[in-house]
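This report concerns only the one structure given below.
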Amino acid sequence: MAEAPADLDPVSMFSLLGDETRLAVLQALYDETRGRGTGRGAVAYSTLREAVGEPDSGRFNYHLTQLTGHFVEKLRGGYALRAPGREVVRVLRAGTLTQSPRVDPVGTGRVCPRCGGQVRLSYANEHVFVHCADCVGLLEFDYVPDGTLLAVSFPPAGANARDPSTLLAPATLGYERRLQTMTDGLCPDCGGVATPSVRRCECHRQTGSTTCDRCHTGFEALVELSCETCERRRVAPPAFAFTHRDPVREALSAANADGDAWRRYVTVVDWPTRVRRADGGTPEVVYAPPDDREVVVAADGSVRREAPSPPDELGAHLSE
Ligand SMILES: [Zn+2]
Ligand SMILES: [Zn+2]
Ligand SMILES: [Zn+2]
């Protein structure tokens, strides 16, 4: 293996990439080595030059030399992408930095967990928005459509590759999986350490026709998952971040909600929920699924099932 080059500063990185021929070299190396396995197989100089289609050999050599080191490595049999070069091509193909598709609202065939109205889906700014035409929804922020029930990031290429009416299931699944990964301590974006915490809206107040005027959501408590390294933050109804853990999985299964991720989401949102203070004052979110035991999500991200609280404790909570 060739010796690793020194780290590249971000400005040099962008200026090195700002050329059509150089991007064509990266794309050609990616296409030519696909299927040969990472790190194996180099592309011969002549094959690469032909794939790029640059007639001027001096010009071609100059650009290839500029890329060689950080993005491309020279091996005995020719040239290959280094990991940063492969990542550039993948980011370009995912469209994350370059594409901005929009999808106007389309029907999904699903019903709103709040009001039973029709659920619609739209796409903008690299996000899938799932919203209800008939109620205020669960999230009321400037950047989401009226009636939003769920807003999740989804790559532009994936949105372009699918019929919009089929986007709901993969978008919700992607969200659920990223949440699960973060609750298990791993940031799926950068590999950093992720930690969960339960956040309670201390003055939560909502009616049947509004979201809360303090937190602008329909959730008294949310789990916040944050990465120490890239500072990525994801927020979700607490039980939905733990659908892979036995206590939640068991309750979902008893509710026949182990179908797709959207069904798991609306099921969890629909369970009667209350927030209480655990010993030490941290908030605990208690769900009452229809089977006989409650699901408790604690502030540290642990999940358990327990027998329903005795009526006096419940009464004390309700009169708070
Ligand atoms: Zn609704
Ligand atoms: Zn609130
Ligand atoms: Zn991260």
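Starting from 1 in every chain, residues are counted up; chains themselves are A, B, ... following the order of the structure tokens, and ligands are numbered from 1 as listed.
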| query | Can you tell me, as a list in words, what residues are no more than 8 Å from region 164-174 of chain A when counting only C-alpha atoms, ignoring any on the same chain fewer than 2 positions away? | reply | Val103, Val106, Gly107, Thr108, Leu121, Ser122, Val128, Val130, Val152, Ser153, Phe154, Ala159, Arg162, Glu176, Arg177, Arg178, Asp260, Ala261 and Trp262 of chain A
For the selection just defined, write its residues with C-alpha atoms to a file, as a compact mmCIF listing (two decimals), in the first residue's frame.
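Result file is part-v9.txt:
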# COMPACT_ATOMS: atom_id res chain seq x y z
CA VAL A 103 -42.08 16.92 -5.30
CA VAL A 106 -48.94 13.31 -3.50
CA GLY A 107 -51.28 10.88 -1.79
CA THR A 108 -49.81 7.97 0.19
CA LEU A 121 -46.06 13.46 1.07
CA SER A 122 -43.87 16.13 -0.50
CA VAL A 128 -39.40 14.11 2.85
CA VAL A 130 -45.32 13.68 5.53
CA VAL A 152 -36.93 13.32 7.57
CA SER A 153 -33.81 13.83 5.49
CA PHE A 154 -33.55 11.69 2.38
CA ALA A 159 -35.99 10.59 -4.19
CA ARG A 162 -38.55 6.45 -6.89
CA GLU A 176 -35.76 4.69 11.98
CA ARG A 177 -32.46 2.94 11.17
CA ARG A 178 -30.39 6.09 11.70
CA ASP A 260 -43.31 -1.10 7.84
CA ALA A 261 -41.56 1.76 9.63
CA TRP A 262 -44.41 4.22 9.02
- Considering only C-alpha atoms, return as a list in words whatever protein or nucleic-acid residues lie within 7 Å of Gly95 (chain A), sequence-local ones (same chain, fewer than 2 positions apart) excluded.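 So the residues in contact are Val91, Leu92, Arg93, Leu97, Thr98, Gln99, Pro155, Pro156 and Ala157 of chain A.
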Please produce a file of those selected residues containing N, CA and C atoms, as an mmCIF file, in the first residue's frame.
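Just written: selection_36.cif:
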data_model
loop_
_atom_site.group_PDB
_atom_site.id
_atom_site.type_symbol
_atom_site.label_atom_id
_atom_site.label_comp_id
_atom_site.auth_asym_id
_atom_site.auth_seq_id
_atom_site.Cartn_x
_atom_site.Cartn_y
_atom_site.Cartn_z
ATOM 1 N N VAL A 91 -20.875 11.007 -3.276
ATOM 2 C CA VAL A 91 -21.634 12.208 -2.916
ATOM 3 C C VAL A 91 -22.262 12.811 -4.175
ATOM 4 N N LEU A 92 -21.508 12.809 -5.279
ATOM 5 C CA LEU A 92 -22.057 13.340 -6.537
ATOM 6 C C LEU A 92 -23.226 12.493 -7.007
ATOM 7 N N ARG A 93 -23.108 11.176 -6.858
ATOM 8 C CA ARG A 93 -24.198 10.302 -7.327
ATOM 9 C C ARG A 93 -25.413 10.351 -6.411
ATOM 10 N N LEU A 97 -24.938 17.233 -2.648
ATOM 11 C CA LEU A 97 -24.420 18.604 -2.731
ATOM 12 C C LEU A 97 -24.853 19.321 -4.002
ATOM 13 N N THR A 98 -25.497 18.613 -4.913
ATOM 14 C CA THR A 98 -25.705 19.192 -6.239
ATOM 15 C C THR A 98 -27.149 19.221 -6.721
ATOM 16 N N GLN A 99 -27.997 18.344 -6.215
ATOM 17 C CA GLN A 99 -29.358 18.271 -6.757
ATOM 18 C C GLN A 99 -30.380 18.826 -5.769
ATOM 19 N N PRO A 155 -31.777 11.402 0.694
ATOM 20 C CA PRO A 155 -30.913 11.899 -0.379
ATOM 21 C C PRO A 155 -31.676 12.153 -1.691
ATOM 22 N N PRO A 156 -31.287 13.219 -2.418
ATOM 23 C CA PRO A 156 -31.983 13.565 -3.660
ATOM 24 C C PRO A 156 -31.997 12.434 -4.693
ATOM 25 N N ALA A 157 -30.890 11.704 -4.843
ATOM 26 C CA ALA A 157 -30.871 10.653 -5.870
ATOM 27 C C ALA A 157 -31.896 9.571 -5.557
#
(request) Pick out the residues no farther than 12 Å from ligand 2, counting only C-alpha atoms and all ligand atoms, and list them as a list of chain:residue names. (result)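 Written in the requested form, the residues are A:Leu138, A:Leu139, A:Glu140, A:Arg199, A:Arg200, A:Cys201, A:Glu202, A:Cys203, A:His204, A:Arg205, A:Gln206, A:Thr207, A:Thr210, A:Thr211, A:Cys212, A:Asp213, A:Arg214, A:Cys215, A:His216, A:Thr217, A:Gly218, A:Phe219, A:Glu220, A:Ala221, A:Leu222, A:Val275.
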- request: Please check which protein, DNA or RNA residues sit within 6 Å of ligand 3, counting only C-alpha atoms and all ligand atoms, and write them as a ChimeraX atom specification.
  value: /A:187,189-192,227,229-232
Residues at most 9 Å from region 304-310 of chain A, counting only C-alpha atoms, excluding those fewer than 4 positions away in the same chain, as a tab-separated table (two decimals) with C-alpha atoms, in the first residue's frame?
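Result file around_5.tsv:
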chain	number	residue	atom	x	y	z
A	246	ASP	CA	-36.95	-5.94	22.98
A	247	PRO	CA	-39.36	-3.91	25.17
A	248	VAL	CA	-40.57	-1.78	22.25
A	251	ALA	CA	-45.18	-4.12	22.36
A	288	ALA	CA	-49.34	2.47	27.63
A	292	ASP	CA	-50.86	-5.40	29.66
A	293	ARG	CA	-47.52	-3.73	30.37
A	294	GLU	CA	-46.14	-0.22	29.91
A	295	VAL	CA	-43.02	0.75	27.98
A	296	VAL	CA	-40.71	3.12	29.82
A	297	VAL	CA	-37.99	5.13	28.08
A	298	ALA	CA	-35.57	6.61	30.62
A	314	LEU	CA	-51.29	8.14	37.90
A	315	GLY	CA	-53.65	10.52	39.73
Name each residue within 8 Å of ligand 1, counting only C-alpha atoms and all ligand atoms, as a PDB file with C-alpha atoms, in the first residue's frame.
ATOM      1  CA  VAL A 111     -54.319   7.886   7.303  1.00  0.00           C
ATOM      2  CA  CYS A 112     -53.313  10.516   9.843  1.00  0.00           C
ATOM      3  CA  PRO A 113     -52.726   9.191  13.395  1.00  0.00           C
ATOM      4  CA  ARG A 114     -54.171  12.442  14.805  1.00  0.00           C
ATOM      5  CA  CYS A 115     -57.398  12.886  12.869  1.00  0.00           C
ATOM      6  CA  GLY A 116     -57.844   9.996  10.452  1.00  0.00           C
ATOM      7  CA  GLY A 117     -57.434  12.375   7.472  1.00  0.00           C
ATOM      8  CA  GLN A 118     -55.497  11.600   4.308  1.00  0.00           C
ATOM      9  CA  VAL A 119     -51.714  11.593   4.615  1.00  0.00           C
ATOM     10  CA  HIS A 131     -48.345  15.825   6.233  1.00  0.00           C
ATOM     11  CA  CYS A 132     -52.061  15.781   6.861  1.00  0.00           C
ATOM     12  CA  ALA A 133     -54.419  17.994   4.870  1.00  0.00           C
ATOM     13  CA  ASP A 134     -57.049  17.980   7.605  1.00  0.00           C
ATOM     14  CA  CYS A 135     -55.292  18.810  10.892  1.00  0.00           C
ATOM     15  CA  VAL A 136     -52.413  20.772  12.382  1.00  0.00           C
ATOM     16  CA  GLY A 137     -50.178  17.676  12.475  1.00  0.00           C
ATOM     17  CA  GLY A 147     -50.008  19.619   9.022  1.00  0.00           C
TER      18      GLY A 147
END
- Run DSSP on the backbone and give me the residues of region 83-215 of chain A it puts in strand (DSSP E), as JSON, numbers by chain. {"A": [103, 104, 105, 106, 107, 108, 109, 110, 111, 118, 119, 120, 121, 122, 123, 124, 127, 128, 129, 130, 131, 132, 148, 149, 150, 151, 152, 153, 194, 195, 196, 197, 198, 199, 200]}
Would you tabulate, counting only C-alpha atoms, all residues of region 84-191 of chain A that have an atom at most 9 Å from an atom of region 57-73 of chain A, showing the closest pair of atoms and their distance in Å to one decimal, sorted by chain then ascending number, as JSON lines?
{"residue": "A:Pro84", "atom": "CA", "partner": "A:Phe71", "partner_atom": "CA", "distance": 5.5}
{"residue": "A:Gly85", "atom": "CA", "partner": "A:Phe71", "partner_atom": "CA", "distance": 4.3}
{"residue": "A:Arg86", "atom": "CA", "partner": "A:Phe71", "partner_atom": "CA", "distance": 7.9}
{"residue": "A:Val88", "atom": "CA", "partner": "A:Phe71", "partner_atom": "CA", "distance": 8.7}
Using only C-alpha atoms, which of A:Pro272, A:Pro55, A:Gly281, A:Pro290 sits nearest Glu250 (chain A)?
->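 Of A:Pro272, A:Pro55, A:Gly281, A:Pro290, the one nearest Glu250 (chain A), counting only C-alpha atoms, is A:Pro290.
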Exercise. Pick from A:Asn160, A:Asn125, A:Thr96, A:Gln180: nearest to Phe242 (chain A), with only C-alpha atoms counted?
Worked result: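 So, comparing all the options, the nearest one is A:Gln180.
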List every residue of region 178-301 of chain A that DSSP, applied to the backbone, labels as helix (DSSP H, G or I), and write the result as a ChimeraX atom specification.
/A:178-183,238-242,246-254,261-270
#### Entry: Polymer residues at most 7 Å from Val235 (chain A), only C-alpha atoms, same-chain spacing of 2 or more positions, as a PyMOL selection string
chain A and resi 222-225+233
Please write the residues from the selection above to a file, keeping N, CA and C atoms, as a tab-separated table (two decimals), in the first residue's frame.
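Output (selection.tsv):
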chain	number	residue	atom	x	y	z
A	222	LEU	N	-39.36	14.35	23.82
A	222	LEU	CA	-38.72	13.80	22.62
A	222	LEU	C	-37.35	13.27	23.02
A	223	VAL	N	-36.87	12.30	22.29
A	223	VAL	CA	-35.50	11.87	22.53
A	223	VAL	C	-34.62	12.63	21.54
A	224	GLU	N	-33.50	13.14	22.06
A	224	GLU	CA	-32.57	13.86	21.21
A	224	GLU	C	-31.29	13.04	21.15
A	225	LEU	N	-30.87	12.74	19.93
A	225	LEU	CA	-29.64	11.95	19.75
A	225	LEU	C	-28.62	12.88	19.13
A	233	ARG	N	-27.68	16.14	14.94
A	233	ARG	CA	-28.68	15.97	15.98
A	233	ARG	C	-29.94	15.41	15.33
- For Lys74 (chain A), list every protein, DNA or RNA residue within 9 Å, evaluated using only C-alpha atoms, and leave out those in the same chain fewer than 6 positions away; present the list as number ranges by chain. A: 2, 42, 68, 80-81
Could you write those residues out with C-alpha atoms, as a PDB file, in the first residue's frame?
ATOM      1  CA  ALA A   2       1.269   3.444  -0.894  1.00  0.00           C
ATOM      2  CA  ALA A  42      -5.738  -0.400 -11.055  1.00  0.00           C
ATOM      3  CA  THR A  68      -2.670  11.926  -7.398  1.00  0.00           C
ATOM      4  CA  ALA A  80      -6.963   3.765  -8.523  1.00  0.00           C
ATOM      5  CA  LEU A  81      -9.190   5.893  -6.318  1.00  0.00           C
TER       6      LEU A  81
END
